[in-house]
Amino acid sequence: MRTPRASGATHGASGAGRPTKEELAAAADRTIPDLIAPGLDVLFVGINPGLWSAATGWHFARPGNRFWPALHRGGFTPRQLHPSEQHLLPGLGLGITNMVARASARADELTPAELLAGAEVLTGKVAAYRPAWVAVVGVTAYRIGFARPKAGFGPQPEPLAGARLWVLPNPSGLNAHFTPETLGAAFGELRAAVAG
């Protein structure tokens, strides 16, 4: 794992503010670029971009999404980053992609066929970019996309295109089963495995 570096980047560096209702509605079915580079320590895999992410171009951008706090609590970043600072992640050995590229208001709007196709695309990305670890954030999406109906959280027995595979809880604010503390602890378990 690379040593985290502090940064002087400011929030909102891209100039994007809070999206309007119209901008959010227009963001449906958009895609946003992956944050990926060869040889990352961990490639985090979201289910699909939400409308806030599609409107801003930032992964896990919706206020109330707990990805960025969990990343910090888990020890991956030296401080809690704002979604607008996502460009700092590759320097920390981290990247972000999604199982399904198209944005939607809720992940449950995706079809099983989309998740299965997304798993195939993800496998190709992992083969091309060769991260050490792949961390899918959302056990239901993982179970459906990879046809592993009994999969649980944590390390998975099978690799993905040569990378070690881990399943994390979905950090969405809609996931009431996990608190910020338990999410941070789950991310911390992965961090310990990566460092080990």
# chains A, B, ... in the order shown; residues from 1 in each chain; ligands from 1

$ residues_around --residues "Arg143 in chain A" --least-positions-apart "5" --cutoff "12 Å" --atoms "only C-alpha atoms" --output "PyMOL selection string"
chain A and resi 47+99+112+115-116+119+136-138+148-153+156+167

$ residues_around --residues "Trp166 in chain A" --least-positions-apart "2" --cutoff "12 Å" --atoms "only C-alpha atoms" --output "PyMOL selection string"
chain A and resi 42-45+132-139+142+151-160+163-164+168-169+186-187+189-191+193-194

$ select_by_dssp --residues "range 9-173 of chain A" --states "helix (DSSP H, G or I)" --output "tab-separated table (two decimals) with C-alpha atoms, in the first residue's frame"
chain	number	residue	atom	x	y	z
A	21	LYS	CA	-33.63	18.67	-9.77
A	22	GLU	CA	-33.52	19.18	-13.52
A	23	GLU	CA	-29.80	18.33	-13.68
A	24	LEU	CA	-30.40	15.19	-11.61
A	25	ALA	CA	-33.26	14.09	-13.86
A	26	ALA	CA	-31.12	14.70	-16.95
A	51	LEU	CA	-27.72	10.57	-10.31
A	52	TRP	CA	-25.56	12.88	-8.15
A	53	SER	CA	-22.45	11.14	-9.46
A	54	ALA	CA	-23.61	11.35	-13.06
A	55	ALA	CA	-24.48	15.04	-12.66
A	56	THR	CA	-21.14	15.97	-11.02
A	67	PHE	CA	-17.95	5.68	0.88
A	68	TRP	CA	-15.54	8.58	1.48
A	69	PRO	CA	-15.91	8.51	5.30
A	70	ALA	CA	-15.49	4.70	5.28
A	71	LEU	CA	-12.39	4.98	3.09
A	72	HIS	CA	-10.85	7.32	5.65
A	73	ARG	CA	-12.06	5.41	8.74
A	83	PRO	CA	-15.77	13.38	-3.93
A	84	SER	CA	-14.28	16.27	-5.96
A	85	GLU	CA	-10.85	15.09	-4.78
A	86	GLN	CA	-11.22	11.64	-6.33
A	87	HIS	CA	-8.26	12.42	-8.61
A	88	LEU	CA	-6.00	11.92	-5.56
A	89	LEU	CA	-6.88	8.23	-5.23
A	90	PRO	CA	-4.57	6.73	-7.89
A	91	GLY	CA	-1.62	8.35	-6.08
A	92	LEU	CA	-2.70	6.33	-3.03
A	107	ALA	CA	-29.35	0.43	-7.68
A	108	ASP	CA	-32.49	-1.73	-7.56
A	109	GLU	CA	-33.47	-0.26	-10.95
A	112	PRO	CA	-29.94	-9.07	-13.37
A	113	ALA	CA	-28.88	-9.14	-17.05
A	114	GLU	CA	-27.16	-5.75	-16.62
A	115	LEU	CA	-25.28	-7.00	-13.56
A	116	LEU	CA	-24.21	-10.20	-15.33
A	117	ALA	CA	-22.98	-8.22	-18.34
A	118	GLY	CA	-21.28	-5.74	-16.01
A	119	ALA	CA	-19.41	-8.54	-14.26
A	120	GLU	CA	-18.00	-9.62	-17.64
A	121	VAL	CA	-16.88	-6.06	-18.44
A	122	LEU	CA	-15.34	-5.75	-14.96
A	123	THR	CA	-13.42	-8.99	-15.45
A	124	GLY	CA	-11.93	-7.55	-18.64
A	125	LYS	CA	-10.90	-4.34	-16.87
A	126	VAL	CA	-9.24	-6.29	-14.08
A	127	ALA	CA	-7.36	-8.44	-16.61
A	128	ALA	CA	-6.17	-5.30	-18.43
A	129	TYR	CA	-5.23	-3.14	-15.41
A	139	VAL	CA	-22.99	-7.93	-1.77
A	140	THR	CA	-26.31	-8.25	-3.64
A	141	ALA	CA	-24.81	-6.89	-6.86
A	142	TYR	CA	-21.85	-9.24	-6.44
A	143	ARG	CA	-24.10	-12.26	-5.82
A	144	ILE	CA	-26.18	-11.55	-8.92
A	145	GLY	CA	-23.41	-10.38	-11.26

$ decode --residues "range 35-69 of chain A" --atoms "N, CA, C and O atoms" --output "CSV table (one decimal), in the first residue's frame"
chain,number,residue,atom,x,y,z
A,35,LEU,N,-12.0,5.7,-12.6
A,35,LEU,CA,-10.8,6.2,-12.0
A,35,LEU,C,-9.9,5.0,-11.9
A,35,LEU,O,-10.0,4.3,-10.9
A,36,ILE,N,-9.1,4.8,-12.9
A,36,ILE,CA,-8.4,3.5,-12.9
A,36,ILE,C,-7.0,3.7,-13.5
A,36,ILE,O,-6.8,4.6,-14.3
A,37,ALA,N,-6.0,2.9,-13.1
A,37,ALA,CA,-4.7,3.0,-13.6
A,37,ALA,C,-4.1,1.6,-13.5
A,37,ALA,O,-4.6,0.8,-12.7
A,38,PRO,N,-3.0,1.3,-14.2
A,38,PRO,CA,-2.4,-0.1,-14.1
A,38,PRO,C,-1.8,-0.3,-12.7
A,38,PRO,O,-1.2,0.7,-12.1
A,39,GLY,N,-1.9,-1.5,-12.1
A,39,GLY,CA,-1.2,-1.9,-10.9
A,39,GLY,C,-1.7,-1.3,-9.6
A,39,GLY,O,-0.9,-1.2,-8.7
A,40,LEU,N,-2.9,-0.9,-9.5
A,40,LEU,CA,-3.5,-0.3,-8.3
A,40,LEU,C,-3.4,-1.4,-7.2
A,40,LEU,O,-3.5,-2.6,-7.4
A,41,ASP,N,-3.4,-0.9,-5.9
A,41,ASP,CA,-3.5,-1.8,-4.8
A,41,ASP,C,-4.9,-2.3,-4.7
A,41,ASP,O,-5.1,-3.5,-4.4
A,42,VAL,N,-5.9,-1.4,-4.8
A,42,VAL,CA,-7.3,-1.8,-4.7
A,42,VAL,C,-8.1,-1.0,-5.7
A,42,VAL,O,-8.0,0.2,-5.8
A,43,LEU,N,-8.9,-1.8,-6.5
A,43,LEU,CA,-9.9,-1.2,-7.4
A,43,LEU,C,-11.3,-1.4,-6.7
A,43,LEU,O,-11.7,-2.5,-6.6
A,44,PHE,N,-11.9,-0.3,-6.3
A,44,PHE,CA,-13.2,-0.4,-5.7
A,44,PHE,C,-14.2,-0.4,-6.8
A,44,PHE,O,-14.1,0.4,-7.8
A,45,VAL,N,-15.3,-1.2,-6.6
A,45,VAL,CA,-16.3,-1.4,-7.6
A,45,VAL,C,-17.6,-1.0,-7.1
A,45,VAL,O,-18.2,-1.8,-6.2
A,46,GLY,N,-18.2,0.1,-7.5
A,46,GLY,CA,-19.5,0.5,-7.1
A,46,GLY,C,-20.5,-0.3,-7.9
A,46,GLY,O,-20.2,-1.0,-8.8
A,47,ILE,N,-21.8,-0.3,-7.5
A,47,ILE,CA,-22.8,-1.0,-8.2
A,47,ILE,C,-23.1,-0.3,-9.5
A,47,ILE,O,-22.9,-0.9,-10.6
A,48,ASN,N,-23.4,1.0,-9.5
A,48,ASN,CA,-23.6,1.9,-10.6
A,48,ASN,C,-23.6,3.3,-10.1
A,48,ASN,O,-23.9,3.5,-9.0
A,49,PRO,N,-23.3,4.3,-11.0
A,49,PRO,CA,-23.4,5.6,-10.5
A,49,PRO,C,-24.8,6.1,-10.2
A,49,PRO,O,-25.7,5.7,-10.9
A,50,GLY,N,-24.9,6.8,-9.1
A,50,GLY,CA,-26.2,7.5,-8.8
A,50,GLY,C,-26.3,8.7,-9.6
A,50,GLY,O,-25.4,9.2,-10.3
A,51,LEU,N,-27.5,9.4,-9.5
A,51,LEU,CA,-27.7,10.6,-10.3
A,51,LEU,C,-26.8,11.7,-9.9
A,51,LEU,O,-26.4,12.5,-10.7
A,52,TRP,N,-26.5,11.8,-8.6
A,52,TRP,CA,-25.6,12.9,-8.2
A,52,TRP,C,-24.2,12.7,-8.8
A,52,TRP,O,-23.6,13.6,-9.2
A,53,SER,N,-23.8,11.4,-8.8
A,53,SER,CA,-22.4,11.1,-9.5
A,53,SER,C,-22.5,11.5,-10.9
A,53,SER,O,-21.5,12.1,-11.5
A,54,ALA,N,-23.5,11.1,-11.6
A,54,ALA,CA,-23.6,11.3,-13.1
A,54,ALA,C,-23.7,12.8,-13.3
A,54,ALA,O,-23.1,13.3,-14.3
A,55,ALA,N,-24.4,13.6,-12.5
A,55,ALA,CA,-24.5,15.0,-12.7
A,55,ALA,C,-23.2,15.8,-12.4
A,55,ALA,O,-22.9,16.8,-13.0
A,56,THR,N,-22.4,15.3,-11.4
A,56,THR,CA,-21.1,16.0,-11.0
A,56,THR,C,-19.9,15.4,-11.7
A,56,THR,O,-18.9,16.1,-11.7
A,57,GLY,N,-20.0,14.1,-12.1
A,57,GLY,CA,-18.8,13.4,-12.6
A,57,GLY,C,-17.9,12.8,-11.5
A,57,GLY,O,-16.8,12.3,-11.8
A,58,TRP,N,-18.4,12.8,-10.3
A,58,TRP,CA,-17.7,12.3,-9.1
A,58,TRP,C,-18.3,11.0,-8.6
A,58,TRP,O,-19.5,10.9,-8.4
A,59,HIS,N,-17.5,10.0,-8.4
A,59,HIS,CA,-18.0,8.7,-7.8
A,59,HIS,C,-18.4,8.9,-6.4
A,59,HIS,O,-17.9,9.7,-5.6
A,60,PHE,N,-19.5,8.2,-6.0
A,60,PHE,CA,-20.1,8.2,-4.6
A,60,PHE,C,-20.3,9.7,-4.2
A,60,PHE,O,-20.0,10.1,-3.1
A,61,ALA,N,-20.9,10.5,-5.0
A,61,ALA,CA,-21.0,11.9,-4.8
A,61,ALA,C,-22.2,12.3,-4.0
A,61,ALA,O,-22.2,13.4,-3.4
A,62,ARG,N,-23.2,11.5,-3.9
A,62,ARG,CA,-24.5,11.9,-3.2
A,62,ARG,C,-24.2,12.2,-1.7
A,62,ARG,O,-23.6,11.4,-1.0
A,63,PRO,N,-24.7,13.4,-1.2
A,63,PRO,CA,-24.6,13.6,0.2
A,63,PRO,C,-25.3,12.5,1.0
A,63,PRO,O,-26.4,12.1,0.6
A,64,GLY,N,-24.7,12.0,2.0
A,64,GLY,CA,-25.2,10.8,2.7
A,64,GLY,C,-24.6,9.5,2.3
A,64,GLY,O,-24.7,8.5,3.0
A,65,ASN,N,-23.9,9.5,1.1
A,65,ASN,CA,-23.2,8.2,0.8
A,65,ASN,C,-22.0,8.2,1.7
A,65,ASN,O,-21.3,9.2,1.9
A,66,ARG,N,-21.7,7.0,2.2
A,66,ARG,CA,-20.7,6.9,3.3
A,66,ARG,C,-19.4,6.3,2.8
A,66,ARG,O,-18.5,5.9,3.5
A,67,PHE,N,-19.2,6.3,1.4
A,67,PHE,CA,-17.9,5.7,0.9
A,67,PHE,C,-16.7,6.5,1.3
A,67,PHE,O,-15.7,5.9,1.8
A,68,TRP,N,-16.7,7.8,1.2
A,68,TRP,CA,-15.5,8.6,1.5
A,68,TRP,C,-15.2,8.6,3.0
A,68,TRP,O,-14.0,8.4,3.3
A,69,PRO,N,-16.2,8.7,3.9
A,69,PRO,CA,-15.9,8.5,5.3
A,69,PRO,C,-15.4,7.1,5.6
A,69,PRO,O,-14.4,7.0,6.4
